[in-house]
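A.B. asks: Here you go, one structure.
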Amino acid sequence: MAVIKLLTSDNVIIETEMDLIMCSGTIKGMLESCSGDDEIVPLPKVRSAILTKILQWAQFHRYEFADTTAEEEAENVCGVISPWDSDFINVDMSTLVELIEVANFLNIQRLLQLACKTAANMIAGKTSEDMRKILNIKNDLTFSEEAVMRKESK
Amino acid sequence: MKANESRVHILQLNDYCLENILKYLEMEDHLSFAETCHYFRDVFNRWASSFYYIHIVLMAEISKHDFKLLSLVYKNVKTLCVDVDDLMHSLNKHYGNERKYYFRQFCKLIIGMQQLQSLKLWEFNCKKRQYAQNIIKMAGSLHQLQQLEIFAHTYFAECGNISRVLRPFKQLEILTLDVNLSSKELRRSCHSMPHLRQLSLTSRVDSSTLKDVIKDSPQLEELSFYLKPKAKTLYCFQKPKACSSEILQSLAYSHVSLVSLDIRHIISDLNEAKLLATISSLKILTCRFSNADCVHWLRQLSLLEELRISLLETIVDMTEIYLDLIGTCTRLRFLRIFDLHICENFAIQVSKVLEECVHRRPLELIIYGDRDSTIMRTSKDIDSSHLIYSRMNARELIKCFNTHL
């Protein structure tokens, strides 16, 4: 089985089976445009820890990547999150954010939707103040911007 | 993996990623999201303006969140539907004595809706009827607005001088008025709208006013009206009837562009039907007849694509006339008939007529007759490539009678 080498941002080379990483639209596109088998694909935006995690996800779902389009994949995930996925995605917020970023960069729609839905679940029903705490954001809105519908100070 | 190894902060995610999070959230969460920080506010605004929240409906229970949402997205709203009674009820419920202040705030938002293209207002119950009028006044400054629909019984008669309120809407293309409006005011209002393409008047209008309105609206393509009966008709043996001859004449001779016409009163005079048939540009027609022979004239409308016809107060079987009409108007693709005396196997007969025509689009036929159970049973024998046949359902029936028959 064909093997591919991926170079991560922290200079780790990860070998993986070719068909496993084909869930990534970005890598699929890169491989179509290059010739040699021994080439190393550089992924400057992806840390090895995240890539390992993504490969773990791809391994579990490898036989589900039939010829579905990106839109269909996106729709598939809108339903219920499976117990395995739920366990897989049970990570802290900053890892989740990184997974979103990388899934988007690698163009893995199903993983992106899974991560986004999980992030949404973590902030759903929260006030803006709570959201800031969860997401580690500073409030840079002025009072009048924040209080659009509150009574204007007379 | 330790959290501090991560190099991506949520504020580094692009619009696409954050929009994918937004789409899994409810409206209240959207509001909290938008109030988190500048960046999220901007992402929310871009997303809301291109996909979400450009069509706003304020009806039934309007929550504080709805008002808050409106204050966030108002600049991008394209269509707005407001039940003014519900609006005032909700403002009262949420803000009590301060409701007037918040109504003024709401009006300010209307002025800021520079993308607004369509505004629909309902107001039936408010005792003090200035609210809808205020909203209309505010909308008068919106230059993008093309469509205005007002449904408010008895409202205009009490407020007076609504034409002054409607006059700023010079750019309007679509106007629907379900209000009691004096002839003078209607004339004045429409006079200031030279781009009017669609005009729908639900309340009765007198013939000479409508004639003036038609003269002032050279772009008119769709017209729907309900004529007042002539005031001087003797009321001894017969109810006074509306006469649309003058209107039809002016439509036939001055309006080559008229595509759609809905005449809401009942036509019984054969001459009126003849005149109606001379408006040769018509593609869509809705009409009500109380004289079977009137239908015969419609065969002259060769461009006709959609026809909704109601036969009232007649006892004749009209099958032959309908079949002739279907055979002659070859562009017809939708036909709705309300006729209690329609024959049992009418749909099968229509199907036979259509089989003889080549290169013709299939006809959608909807019937409301007296013996509806028998009519339905015949539908199995019909070739659906020529004819899509159904009985009129409750919704169609309501549409059919959604006028003062």
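We label chains A, B, ... in the order they appear in the structure tokens, count residues from 1 in each chain, and number ligands from 1 in the order shown.
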Could you give me, as a PyMOL selection string, the residues within 9 Å of Met27 in chain B, counting only C-alpha atoms and dropping anything in the same chain fewer than 6 positions from it?
C.D. replies: chain B and resi 65-66+69
A.B. asks: Write down, as a ChimeraX atom specification, each residue of chain A that has any atom within 9 Å of an atom of chain B, counting only C-alpha atoms.
C.D. replies: /A:47,49-50,78,92-95,97-98,100-101,104,112-113,115-121,123-129,131-132,135-141,145-151
A.B. asks: Please, what distance in Å, to one decimal, runs between CA of Tyr226 in chain B and CA of Leu121 in chain B?
C.D. replies: 20.7 Å
A.B. asks: For Thr314 in chain B, please output as a PyMOL selection string all residues within 8 Å (counting only C-alpha atoms; exclusion window: fewer than 5 positions along the same chain).
C.D. replies: chain B and resi 290-292
A.B. asks: Taking only C-alpha atoms into account, which of B:Trp122, B:Phe334, B:Phe346, B:Tyr52 comes nearest Ile366 in chain B?
C.D. replies: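 Counting only C-alpha atoms, the residue closest to Ile366 in chain B is B:Phe334.
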A.B. asks: Got a sec: who's within 7 Å of range 390-395 of chain B, counting only C-alpha atoms, leaving out chain neighbours fewer than 6 positions off, as a list in words?
C.D. replies: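 Everything that qualifies: Leu365, Ile366, Ile367, Tyr368 and Met376 of chain B.
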A.B. asks: Let's have the selection written as a short mmCIF file (atom, residue, chain, number, x, y, z; two decimals), in the first residue's frame, with C-alpha atoms.
C.D. replies:
```cif
data_model
loop_
_atom_site.label_atom_id
_atom_site.label_comp_id
_atom_site.auth_asym_id
_atom_site.auth_seq_id
_atom_site.Cartn_x
_atom_site.Cartn_y
_atom_site.Cartn_z
CA LEU B 365 -56.02 21.88 -13.79
CA ILE B 366 -57.65 22.53 -10.43
CA ILE B 367 -61.39 22.18 -10.05
CA TYR B 368 -63.92 22.86 -7.38
CA MET B 376 -61.54 12.62 -8.13
#
```
A.B. asks: Based on DSSP run over this structure's backbone, return all residues of range 27-213 of chain B in strand (DSSP E), as a PyMOL selection string.
C.D. replies: chain B and resi 55-58+79-83+118-122+147-152+174-179+198-205
A.B. asks: So how many Å separate CA of Ile174 in chain B and CA of Gln219 in chain B, to one decimal?
C.D. replies: 10.9 Å
A.B. asks: Could you check which of A:Leu51, A:Asp87, A:Asp130, A:Glu39 is closest to Asp10 in chain A, using only C-alpha atoms?
C.D. replies: A:Leu51
A.B. asks: Might you pull out every residue within 10 Å of Leu251 in chain B, with only C-alpha atoms counted and same-chain residues fewer than 4 positions away left off, and present them as a PDB file with N, CA, C and O atoms, in the first residue's frame?
C.D. replies:
```
ATOM      1  N   LYS B 211     -59.632  54.669 -13.197  1.00  0.00           N
ATOM      2  CA  LYS B 211     -59.254  55.079 -14.547  1.00  0.00           C
ATOM      3  C   LYS B 211     -58.097  56.085 -14.502  1.00  0.00           C
ATOM      4  O   LYS B 211     -57.132  55.984 -15.263  1.00  0.00           O
ATOM      5  N   ILE B 214     -54.860  54.342 -13.515  1.00  0.00           N
ATOM      6  CA  ILE B 214     -54.285  53.607 -14.652  1.00  0.00           C
ATOM      7  C   ILE B 214     -53.568  54.576 -15.599  1.00  0.00           C
ATOM      8  O   ILE B 214     -52.473  54.298 -16.078  1.00  0.00           O
ATOM      9  N   LYS B 215     -54.201  55.723 -15.805  1.00  0.00           N
ATOM     10  CA  LYS B 215     -53.604  56.721 -16.706  1.00  0.00           C
ATOM     11  C   LYS B 215     -52.255  57.204 -16.169  1.00  0.00           C
ATOM     12  O   LYS B 215     -51.315  57.419 -16.922  1.00  0.00           O
ATOM     13  N   LEU B 220     -47.629  49.938 -15.518  1.00  0.00           N
ATOM     14  CA  LEU B 220     -48.436  48.911 -14.853  1.00  0.00           C
ATOM     15  C   LEU B 220     -48.465  47.577 -15.606  1.00  0.00           C
ATOM     16  O   LEU B 220     -48.781  47.518 -16.786  1.00  0.00           O
ATOM     17  N   LEU B 223     -52.530  44.227 -12.167  1.00  0.00           N
ATOM     18  CA  LEU B 223     -53.567  45.025 -11.525  1.00  0.00           C
ATOM     19  C   LEU B 223     -54.614  44.110 -10.898  1.00  0.00           C
ATOM     20  O   LEU B 223     -55.029  43.118 -11.488  1.00  0.00           O
ATOM     21  N   SER B 245     -66.701  48.503 -17.453  1.00  0.00           N
ATOM     22  CA  SER B 245     -66.469  48.769 -18.886  1.00  0.00           C
ATOM     23  C   SER B 245     -65.405  49.824 -19.132  1.00  0.00           C
ATOM     24  O   SER B 245     -64.475  49.619 -19.910  1.00  0.00           O
ATOM     25  N   GLU B 246     -65.576  50.955 -18.418  1.00  0.00           N
ATOM     26  CA  GLU B 246     -64.634  52.064 -18.659  1.00  0.00           C
ATOM     27  C   GLU B 246     -63.203  51.659 -18.356  1.00  0.00           C
ATOM     28  O   GLU B 246     -62.279  51.979 -19.098  1.00  0.00           O
ATOM     29  N   ILE B 247     -63.058  50.951 -17.234  1.00  0.00           N
ATOM     30  CA  ILE B 247     -61.717  50.521 -16.811  1.00  0.00           C
ATOM     31  C   ILE B 247     -61.110  49.593 -17.853  1.00  0.00           C
ATOM     32  O   ILE B 247     -59.973  49.767 -18.287  1.00  0.00           O
ATOM     33  N   HIS B 255     -52.904  50.282 -22.222  1.00  0.00           N
ATOM     34  CA  HIS B 255     -51.910  49.494 -21.500  1.00  0.00           C
ATOM     35  C   HIS B 255     -51.510  48.227 -22.217  1.00  0.00           C
ATOM     36  O   HIS B 255     -51.933  47.141 -21.894  1.00  0.00           O
ATOM     37  N   VAL B 256     -50.666  48.378 -23.196  1.00  0.00           N
ATOM     38  CA  VAL B 256     -50.198  47.196 -23.912  1.00  0.00           C
ATOM     39  C   VAL B 256     -49.351  46.300 -23.024  1.00  0.00           C
ATOM     40  O   VAL B 256     -49.161  45.140 -23.313  1.00  0.00           O
ATOM     41  N   SER B 257     -48.829  46.863 -21.908  1.00  0.00           N
ATOM     42  CA  SER B 257     -47.899  46.094 -21.092  1.00  0.00           C
ATOM     43  C   SER B 257     -48.584  45.291 -19.989  1.00  0.00           C
ATOM     44  O   SER B 257     -47.937  44.538 -19.297  1.00  0.00           O
ATOM     45  N   LEU B 258     -49.894  45.437 -19.819  1.00  0.00           N
ATOM     46  CA  LEU B 258     -50.557  44.759 -18.708  1.00  0.00           C
ATOM     47  C   LEU B 258     -50.516  43.241 -18.890  1.00  0.00           C
ATOM     48  O   LEU B 258     -50.996  42.693 -19.865  1.00  0.00           O
ATOM     49  N   LEU B 261     -54.058  40.473 -14.464  1.00  0.00           N
ATOM     50  CA  LEU B 261     -55.239  41.214 -14.040  1.00  0.00           C
ATOM     51  C   LEU B 261     -56.097  40.351 -13.125  1.00  0.00           C
ATOM     52  O   LEU B 261     -56.330  39.170 -13.408  1.00  0.00           O
ATOM     53  N   LEU B 275     -64.885  43.380 -23.661  1.00  0.00           N
ATOM     54  CA  LEU B 275     -63.807  44.354 -23.477  1.00  0.00           C
ATOM     55  C   LEU B 275     -62.600  43.711 -22.797  1.00  0.00           C
ATOM     56  O   LEU B 275     -61.449  43.954 -23.154  1.00  0.00           O
ATOM     57  N   LEU B 276     -62.898  42.868 -21.830  1.00  0.00           N
ATOM     58  CA  LEU B 276     -61.827  42.162 -21.124  1.00  0.00           C
ATOM     59  C   LEU B 276     -60.984  41.362 -22.124  1.00  0.00           C
ATOM     60  O   LEU B 276     -59.758  41.326 -22.050  1.00  0.00           O
ATOM     61  N   THR B 278     -60.314  42.057 -25.024  1.00  0.00           N
ATOM     62  CA  THR B 278     -59.496  42.866 -25.940  1.00  0.00           C
ATOM     63  C   THR B 278     -58.164  43.282 -25.308  1.00  0.00           C
ATOM     64  O   THR B 278     -57.322  43.865 -25.978  1.00  0.00           O
ATOM     65  N   ILE B 279     -57.964  42.993 -24.023  1.00  0.00           N
ATOM     66  CA  ILE B 279     -56.654  43.309 -23.397  1.00  0.00           C
ATOM     67  C   ILE B 279     -55.699  42.181 -23.778  1.00  0.00           C
ATOM     68  O   ILE B 279     -55.426  41.258 -23.023  1.00  0.00           O
ATOM     69  N   SER B 280     -55.195  42.274 -24.980  1.00  0.00           N
ATOM     70  CA  SER B 280     -54.532  41.112 -25.587  1.00  0.00           C
ATOM     71  C   SER B 280     -53.186  40.755 -24.954  1.00  0.00           C
ATOM     72  O   SER B 280     -52.670  39.672 -25.180  1.00  0.00           O
TER      73      SER B 280
END
```
A.B. asks: Enumerate, as a short mmCIF file (atom, residue, chain, number, x, y, z; two decimals) with N, CA and C atoms, in the first residue's frame, the complete set of residues in range 4-245 of chain B that a backbone-based DSSP assignment places in alpha helix (DSSP H).
C.D. replies:
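Output file states-v3.cif follows:
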```cif
data_model
loop_
_atom_site.label_atom_id
_atom_site.label_comp_id
_atom_site.auth_asym_id
_atom_site.auth_seq_id
_atom_site.Cartn_x
_atom_site.Cartn_y
_atom_site.Cartn_z
N ASP B 15 -13.67 33.82 8.75
CA ASP B 15 -15.13 33.93 8.70
C ASP B 15 -15.80 32.58 8.48
N TYR B 16 -15.22 31.81 7.55
CA TYR B 16 -15.86 30.55 7.18
C TYR B 16 -15.99 29.61 8.38
N CYS B 17 -14.90 29.51 9.15
CA CYS B 17 -14.93 28.62 10.33
C CYS B 17 -15.95 29.12 11.36
N LEU B 18 -15.92 30.42 11.62
CA LEU B 18 -16.83 30.96 12.63
C LEU B 18 -18.29 30.90 12.17
N GLU B 19 -18.50 31.06 10.87
CA GLU B 19 -19.87 30.92 10.34
C GLU B 19 -20.37 29.50 10.53
N ASN B 20 -19.45 28.54 10.41
CA ASN B 20 -19.84 27.15 10.63
C ASN B 20 -20.22 26.90 12.08
N ILE B 21 -19.65 27.65 12.99
CA ILE B 21 -20.09 27.55 14.39
C ILE B 21 -21.45 28.24 14.55
N LEU B 22 -21.57 29.43 13.95
CA LEU B 22 -22.83 30.19 14.06
C LEU B 22 -24.04 29.40 13.58
N MET B 27 -30.90 31.74 17.80
CA MET B 27 -30.87 33.19 17.66
C MET B 27 -30.32 33.89 18.92
N GLU B 28 -30.73 33.43 20.11
CA GLU B 28 -30.25 34.09 21.32
C GLU B 28 -28.74 33.97 21.46
N ASP B 29 -28.21 32.81 21.02
CA ASP B 29 -26.76 32.63 21.06
C ASP B 29 -26.06 33.54 20.04
N HIS B 30 -26.72 33.73 18.90
CA HIS B 30 -26.15 34.65 17.91
C HIS B 30 -25.95 36.04 18.52
N LEU B 31 -26.97 36.44 19.32
CA LEU B 31 -26.90 37.78 19.94
C LEU B 31 -25.73 37.85 20.92
N SER B 32 -25.60 36.82 21.75
CA SER B 32 -24.49 36.81 22.72
C SER B 32 -23.15 36.80 21.98
N PHE B 33 -23.09 36.00 20.93
CA PHE B 33 -21.87 35.91 20.11
C PHE B 33 -21.49 37.29 19.58
N ALA B 34 -22.49 38.01 19.06
CA ALA B 34 -22.22 39.32 18.48
C ALA B 34 -21.83 40.35 19.53
N HIS B 38 -15.48 42.94 19.14
CA HIS B 38 -15.59 43.58 17.83
C HIS B 38 -15.52 42.59 16.68
N TYR B 39 -14.51 41.70 16.76
CA TYR B 39 -14.28 40.78 15.66
C TYR B 39 -15.51 39.88 15.44
N PHE B 40 -16.05 39.35 16.54
CA PHE B 40 -17.24 38.49 16.43
C PHE B 40 -18.44 39.28 15.92
N ARG B 41 -18.54 40.53 16.37
CA ARG B 41 -19.64 41.38 15.89
C ARG B 41 -19.56 41.54 14.38
N ASP B 42 -18.33 41.79 13.88
CA ASP B 42 -18.16 41.97 12.43
C ASP B 42 -18.47 40.68 11.67
N VAL B 43 -17.97 39.55 12.20
CA VAL B 43 -18.23 38.26 11.55
C VAL B 43 -19.73 38.01 11.50
N PHE B 44 -20.39 38.25 12.65
CA PHE B 44 -21.84 38.04 12.70
C PHE B 44 -22.55 38.93 11.68
N ASN B 45 -22.15 40.20 11.62
CA ASN B 45 -22.81 41.12 10.69
C ASN B 45 -22.65 40.69 9.24
N ARG B 46 -21.43 40.27 8.88
CA ARG B 46 -21.21 39.82 7.50
C ARG B 46 -22.06 38.58 7.19
N TRP B 47 -22.09 37.66 8.17
CA TRP B 47 -22.85 36.43 7.98
C TRP B 47 -24.34 36.72 7.91
N ALA B 48 -24.81 37.54 8.85
CA ALA B 48 -26.25 37.85 8.90
C ALA B 48 -26.70 38.57 7.65
N SER B 49 -25.82 39.40 7.10
CA SER B 49 -26.25 40.20 5.95
C SER B 49 -26.23 39.40 4.66
N SER B 50 -25.44 38.30 4.61
CA SER B 50 -25.42 37.58 3.35
C SER B 50 -26.28 36.32 3.38
N LYS B 64 -37.99 40.12 23.52
CA LYS B 64 -36.97 41.17 23.64
C LYS B 64 -35.79 40.84 22.74
N HIS B 65 -35.51 39.54 22.60
CA HIS B 65 -34.41 39.12 21.73
C HIS B 65 -34.65 39.54 20.28
N ASP B 66 -35.93 39.46 19.86
CA ASP B 66 -36.25 39.87 18.49
C ASP B 66 -35.89 41.34 18.28
N PHE B 67 -36.25 42.16 19.28
CA PHE B 67 -35.93 43.59 19.17
C PHE B 67 -34.43 43.82 19.14
N LYS B 68 -33.77 43.09 19.99
CA LYS B 68 -32.31 43.23 20.08
C LYS B 68 -31.65 42.81 18.76
N LEU B 69 -32.16 41.69 18.24
CA LEU B 69 -31.63 41.21 16.95
C LEU B 69 -31.81 42.27 15.88
N LEU B 70 -33.01 42.83 15.84
CA LEU B 70 -33.30 43.84 14.83
C LEU B 70 -32.32 45.01 14.94
N SER B 71 -31.99 45.38 16.18
CA SER B 71 -31.09 46.52 16.36
C SER B 71 -29.67 46.17 15.91
N LEU B 72 -29.37 44.87 15.80
CA LEU B 72 -28.05 44.49 15.29
C LEU B 72 -28.02 44.40 13.77
N VAL B 73 -29.12 43.91 13.19
CA VAL B 73 -29.07 43.59 11.76
C VAL B 73 -29.82 44.58 10.87
N VAL B 84 -48.56 45.30 13.38
CA VAL B 84 -48.40 46.44 14.29
C VAL B 84 -49.13 46.19 15.61
N ASP B 85 -50.27 45.49 15.55
CA ASP B 85 -50.99 45.17 16.79
C ASP B 85 -50.11 44.32 17.71
N ASP B 86 -49.50 43.29 17.11
CA ASP B 86 -48.61 42.41 17.90
C ASP B 86 -47.39 43.17 18.41
N LEU B 87 -46.89 44.06 17.55
CA LEU B 87 -45.72 44.85 17.95
C LEU B 87 -46.03 45.68 19.19
N MET B 88 -47.17 46.37 19.16
CA MET B 88 -47.51 47.24 20.28
C MET B 88 -47.82 46.42 21.54
N HIS B 89 -48.47 45.29 21.32
CA HIS B 89 -48.78 44.41 22.45
C HIS B 89 -47.47 43.93 23.12
N SER B 90 -46.51 43.54 22.29
CA SER B 90 -45.24 43.03 22.84
C SER B 90 -44.45 44.14 23.52
N LEU B 91 -44.44 45.32 22.90
CA LEU B 91 -43.71 46.45 23.52
C LEU B 91 -44.31 46.77 24.88
N ASN B 92 -45.63 46.71 24.94
CA ASN B 92 -46.33 46.98 26.19
C ASN B 92 -45.97 45.93 27.25
N LYS B 93 -45.94 44.69 26.79
CA LYS B 93 -45.66 43.59 27.71
C LYS B 93 -44.22 43.68 28.27
N HIS B 94 -43.28 44.00 27.38
CA HIS B 94 -41.88 44.00 27.82
C HIS B 94 -41.47 45.30 28.51
N TYR B 95 -42.04 46.41 28.06
CA TYR B 95 -41.52 47.69 28.53
C TYR B 95 -42.57 48.55 29.25
N ARG B 99 -43.14 51.89 26.62
CA ARG B 99 -43.34 51.35 25.27
C ARG B 99 -43.22 52.41 24.18
N LYS B 100 -43.66 53.65 24.49
CA LYS B 100 -43.59 54.69 23.46
C LYS B 100 -42.14 55.04 23.13
N TYR B 101 -41.32 55.05 24.17
CA TYR B 101 -39.89 55.30 23.94
C TYR B 101 -39.32 54.23 23.02
N TYR B 102 -39.67 52.96 23.33
CA TYR B 102 -39.12 51.87 22.52
C TYR B 102 -39.73 51.84 21.12
N PHE B 103 -40.96 52.29 21.01
CA PHE B 103 -41.54 52.39 19.67
C PHE B 103 -40.77 53.43 18.84
N ARG B 104 -40.39 54.52 19.50
CA ARG B 104 -39.59 55.54 18.78
C ARG B 104 -38.24 54.96 18.37
N GLN B 105 -37.65 54.16 19.27
CA GLN B 105 -36.39 53.50 18.93
C GLN B 105 -36.57 52.60 17.71
N PHE B 106 -37.68 51.86 17.72
CA PHE B 106 -38.01 50.98 16.60
C PHE B 106 -38.11 51.79 15.30
N CYS B 107 -38.77 52.95 15.39
CA CYS B 107 -38.91 53.81 14.22
C CYS B 107 -37.55 54.29 13.71
N LYS B 108 -36.66 54.56 14.67
CA LYS B 108 -35.30 54.99 14.28
C LYS B 108 -34.61 53.89 13.48
N LEU B 109 -34.82 52.65 13.91
CA LEU B 109 -34.22 51.53 13.19
C LEU B 109 -34.75 51.47 11.75
N ILE B 110 -36.06 51.75 11.62
CA ILE B 110 -36.66 51.72 10.27
C ILE B 110 -35.94 52.72 9.36
N ILE B 111 -35.69 53.93 9.89
CA ILE B 111 -35.01 54.95 9.08
C ILE B 111 -33.64 54.45 8.62
N GLY B 112 -33.00 53.62 9.47
CA GLY B 112 -31.66 53.13 9.14
C GLY B 112 -31.64 51.94 8.20
N GLN B 130 -52.17 55.56 15.11
CA GLN B 130 -51.07 56.33 14.52
C GLN B 130 -49.80 55.50 14.33
N TYR B 131 -49.76 54.29 14.90
CA TYR B 131 -48.49 53.54 14.89
C TYR B 131 -48.07 53.11 13.49
N ALA B 132 -48.99 52.46 12.78
CA ALA B 132 -48.64 52.02 11.43
C ALA B 132 -48.28 53.24 10.58
N GLN B 133 -49.06 54.30 10.78
CA GLN B 133 -48.81 55.52 10.01
C GLN B 133 -47.40 56.07 10.27
N ASN B 134 -46.99 56.00 11.54
CA ASN B 134 -45.64 56.45 11.89
C ASN B 134 -44.58 55.61 11.20
N ILE B 135 -44.81 54.31 11.18
CA ILE B 135 -43.83 53.43 10.54
C ILE B 135 -43.74 53.75 9.05
N ILE B 136 -44.90 53.97 8.43
CA ILE B 136 -44.90 54.30 7.00
C ILE B 136 -44.17 55.62 6.75
N LYS B 137 -44.40 56.58 7.65
CA LYS B 137 -43.71 57.87 7.52
C LYS B 137 -42.21 57.69 7.52
N MET B 138 -41.72 56.85 8.46
CA MET B 138 -40.28 56.61 8.58
C MET B 138 -39.75 55.96 7.30
N ALA B 139 -40.54 55.02 6.78
CA ALA B 139 -40.09 54.29 5.59
C ALA B 139 -40.06 55.19 4.35
N TYR B 155 -58.80 52.04 8.85
CA TYR B 155 -57.75 52.86 9.41
C TYR B 155 -57.62 54.21 8.74
N PHE B 156 -57.63 54.19 7.43
CA PHE B 156 -57.37 55.45 6.74
C PHE B 156 -58.50 56.45 6.88
N ALA B 157 -59.71 55.90 6.90
CA ALA B 157 -60.86 56.80 6.99
C ALA B 157 -60.75 57.65 8.25
N GLU B 158 -60.24 57.05 9.31
CA GLU B 158 -60.15 57.78 10.58
C GLU B 158 -58.96 58.74 10.62
N CYS B 159 -57.89 58.33 10.01
CA CYS B 159 -56.68 59.15 10.08
C CYS B 159 -56.70 60.31 9.11
N ILE B 162 -53.97 60.28 4.16
CA ILE B 162 -52.90 59.30 4.06
C ILE B 162 -52.06 59.55 2.81
N SER B 163 -52.64 60.25 1.85
CA SER B 163 -51.88 60.47 0.61
C SER B 163 -50.60 61.23 0.90
N ARG B 164 -50.66 62.11 1.94
CA ARG B 164 -49.46 62.85 2.30
C ARG B 164 -48.37 61.88 2.80
N VAL B 165 -48.83 60.83 3.51
CA VAL B 165 -47.89 59.84 4.03
C VAL B 165 -47.32 58.99 2.89
N LEU B 166 -48.14 58.71 1.90
CA LEU B 166 -47.70 57.83 0.81
C LEU B 166 -46.91 58.57 -0.27
N SER B 183 -61.34 58.26 -2.68
CA SER B 183 -60.92 58.30 -4.08
C SER B 183 -59.82 59.33 -4.29
N LYS B 184 -60.05 60.48 -3.67
CA LYS B 184 -59.10 61.59 -3.84
C LYS B 184 -57.71 61.17 -3.36
N GLU B 185 -57.70 60.49 -2.20
CA GLU B 185 -56.40 60.12 -1.63
C GLU B 185 -55.70 59.04 -2.45
N LEU B 186 -56.51 58.10 -2.93
CA LEU B 186 -55.92 57.05 -3.76
C LEU B 186 -55.30 57.65 -5.01
N ARG B 187 -56.05 58.56 -5.63
CA ARG B 187 -55.60 59.21 -6.85
C ARG B 187 -54.27 59.95 -6.59
N ARG B 188 -54.27 60.72 -5.50
CA ARG B 188 -53.06 61.50 -5.16
C ARG B 188 -51.87 60.59 -4.87
N SER B 189 -52.15 59.51 -4.13
CA SER B 189 -51.06 58.62 -3.74
C SER B 189 -50.41 58.00 -4.97
N CYS B 190 -51.25 57.46 -5.85
CA CYS B 190 -50.71 56.76 -7.01
C CYS B 190 -50.10 57.73 -8.02
N HIS B 191 -50.60 58.94 -8.02
CA HIS B 191 -50.09 59.94 -8.96
C HIS B 191 -48.59 60.17 -8.76
N SER B 207 -64.95 53.62 -10.27
CA SER B 207 -64.47 53.45 -11.63
C SER B 207 -63.61 54.62 -12.13
N SER B 208 -64.07 55.84 -11.88
CA SER B 208 -63.33 56.98 -12.46
C SER B 208 -61.97 57.16 -11.77
N THR B 209 -61.92 56.86 -10.47
CA THR B 209 -60.63 56.96 -9.77
C THR B 209 -59.63 55.98 -10.35
N LEU B 210 -60.12 54.74 -10.51
CA LEU B 210 -59.22 53.72 -11.02
C LEU B 210 -58.73 54.08 -12.42
N LYS B 211 -59.63 54.67 -13.20
CA LYS B 211 -59.25 55.08 -14.55
C LYS B 211 -58.10 56.09 -14.50
N ASP B 212 -58.21 57.04 -13.57
CA ASP B 212 -57.14 58.03 -13.41
C ASP B 212 -55.84 57.37 -12.97
N VAL B 213 -55.97 56.42 -12.05
CA VAL B 213 -54.78 55.74 -11.54
C VAL B 213 -54.08 55.01 -12.69
N ILE B 214 -54.86 54.34 -13.52
CA ILE B 214 -54.28 53.61 -14.65
C ILE B 214 -53.57 54.58 -15.60
N LYS B 215 -54.20 55.72 -15.80
CA LYS B 215 -53.60 56.72 -16.71
C LYS B 215 -52.25 57.20 -16.17
N ASP B 216 -52.18 57.32 -14.84
CA ASP B 216 -50.94 57.82 -14.22
C ASP B 216 -49.87 56.76 -14.06
N SER B 245 -66.70 48.50 -17.45
CA SER B 245 -66.47 48.77 -18.89
C SER B 245 -65.40 49.82 -19.13
#
```
A.B. asks: Which polymer residues have any atom within 10 Å of an atom of Asp381 in chain B, counting only C-alpha atoms, with same-chain residues fewer than 6 positions away left out, as a list in words?
C.D. replies: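 The residues satisfying every condition are Ala347, Ile348 and Ser351 of chain B.
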A.B. asks: Save out the residues we just selected, N, CA and C atoms, as a PDB file, in the first residue's frame.
C.D. replies:
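Okay, this is what ended up in out_34.pdb:
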```
ATOM      1  N   ALA B 347     -62.425  16.357 -16.399  1.00  0.00           N
ATOM      2  CA  ALA B 347     -60.970  16.225 -16.500  1.00  0.00           C
ATOM      3  C   ALA B 347     -60.592  15.265 -17.632  1.00  0.00           C
ATOM      4  N   ILE B 348     -61.353  14.190 -17.792  1.00  0.00           N
ATOM      5  CA  ILE B 348     -61.061  13.227 -18.866  1.00  0.00           C
ATOM      6  C   ILE B 348     -61.264  13.881 -20.228  1.00  0.00           C
ATOM      7  N   SER B 351     -58.383  16.055 -20.930  1.00  0.00           N
ATOM      8  CA  SER B 351     -57.237  15.226 -21.271  1.00  0.00           C
ATOM      9  C   SER B 351     -57.280  14.837 -22.751  1.00  0.00           C
TER      10      SER B 351
END
```
A.B. asks: How many Å lie between CA of Asp383 in chain B and CA of Trp297 in chain B, rounded to one decimal?
C.D. replies: 28.5 Å
